Amino acid sequence: MKDKFYTYIEKLQDTITTKLEAIDGEATFKEDLWKRPEGGGGRTRVIANGKVFEKGGVNISGVYGELPKSMQTYFGVKDADFFACGLSLVLHPKNPMVPTVHANWRYFEMYDKEGNIVDQWFGGGQDLTPYYLFDEDAVHFHKTCKEACDKHHPEFYPRYKQRCDEYFWNTHRNEARGIGGLFFDYCKTTTETTMTDWYNFVTEVGNSFLQGYVPIVERRKDLAYTKTQRDWQEIRRGRYVEFNLVHDKGTLFGLKTNGRIESILMSLPPHVQWHYDHQPEKGSEEAKLLEVLIRPRSWV
């Protein structure tokens with residue numbers, strides 16, 4: 001399963017980066033191959049200063065070895081080895097009318113000292129973080145997520161949409177990071193679902209990513225915007241940074257397993273602002289966005 005899924009994310013990385021380069025029309029992805037001293041490595045691809053994408057990364061990794069003590073405590077195990085692989089992407093467009101997007105699809109195995117698999121699971125999801133809210137974009141993104149889920153189980157979309165709203169919640173701000181999408185984790189074998197079933201579901205979601213995001217980019221990338229709107233984008237990016245550094249489990253796992261710091265922190269945008277007690281004008285488009293972030297909405 002691990003070889004099958006790693007082959008999948010290698011091909012998916014190629015598909016996504018090729019399409020994004022075509023949309024940008026100027027910048028290309030810089031590839032960086034790296035190795036982890038304890039075992040494994042990855043292929044980082046970063047785009048920067050493009051016509052459409054100010055900064056973005058589409059990264060894959062496959063790491064293995066002894067599970068660090070901190071993670072053994074987290075999982076409640078002793079003397080375990082692990083293998084983890086996945087594709088993680090974040091795209092920060094230049095135009096504030098185009099939303100930031102994040103996605104991650106991953107697979108994890110844990111072994112005893114004889115090398116036997118004692119646990120395994122899939123996880124992942126994809127979510128949208130707009131700076132100006134266009135209802136049709138939100139509906140399109142969520143509709144794409146739902147269509148991918150519905151092919152596998154009618155309860156998947158409502159379940160994983162709710163988990164996404166709960167997970168990407170900045171508790172110290174009491175607001176969502178964005179308008180959500182899907183979030184699922186610890187997808188394990190059950191009496192009803194095999195690991196092959198989970199593989200088929202996760203790859204279905206991964207394959208839906210471009211369909212969910214690209215039409216939004218193409219609709220918004222050439223819209224005019226003001227410096228005030230750009231400032232708002234950078235202020236909201238600050239909340240994105242706060243979530244990733246304070247709450248995100250993927251960042252935590254990468255740091256505690258001696259992951260590659262440049263790849264882990266590629267999700268951070270290049271230009272960000274923090275203003276003391278910044279409040280948008282009542283009735284403004286900026287205030288409209290905050291209303292949805294404070295009270296997550298059903299889109300489909």
# chains A, B, ... in the order shown; residues from 1 in each chain; ligands from 1

$ residues_around --residues "stretch 129-141 of chain A" --least-positions-apart "3" --cutoff "10 Å" --atoms "only C-alpha atoms" --output "number ranges by chain"
A: 92, 95-102, 126, 144-146, 176-181, 208-209, 211-217, 219-220, 229-230, 232-237, 240, 285-290, 292-293, 297-300

$ select_by_dssp --residues "stretch 82-189 of chain A" --states "strand (DSSP E or B)" --output "ChimeraX atom specification"
/A:82-93,100-111,117-129,169-170,175-176,180-187

$ closest_residue --among "A:Asn116, A:Lys11, A:Lys55, A:Phe5" --to "A:Ala27" --atoms "only C-alpha atoms"
A:Lys55

$ atom_distance --atom1 "atom CA of A:Gly62" --atom2 "atom CA of A:Lys2"
9.1 Å

$ residues_around --residues "A:Val246" --least-positions-apart "3" --cutoff "10 Å" --atoms "only C-alpha atoms" --output "VMD selection string"
chain A and resid 170 to 172 241 to 243 249 251 to 252

$ residues_around --residues "A:Ile16" --least-positions-apart "4" --cutoff "9 Å" --atoms "only C-alpha atoms" --output "ChimeraX atom specification"
/A:11-12,20-21,58,209-210

$ closest_residue --among "A:Glu175, A:Asp119, A:Glu291, A:Glu204" --to "A:Asp150" --atoms "only C-alpha atoms"
A:Glu204

$ residues_around --residues "A:Thr194" --least-positions-apart "4" --cutoff "12 Å" --atoms "only C-alpha atoms" --output "ChimeraX atom specification"
/A:1,120-122,187-190,198-201

$ closest_residue --among "A:Leu268, A:Ala84, A:Val77, A:Val202" --to "A:His152" --atoms "only C-alpha atoms"
A:Val202

$ select_by_dssp --residues "stretch 161-236 of chain A" --states "helix (DSSP H, G or I)" --output "number ranges by chain"
A: 161-167, 195-220, 227-236

$ closest_residue --among "A:Lys256, A:Arg163, A:Lys221, A:Lys227" --to "A:Pro93" --atoms "only C-alpha atoms"
A:Lys221

$ atom_distance --atom1 "atom CA of A:Gly206" --atom2 "atom CA of A:Ser263"
19.9 Å
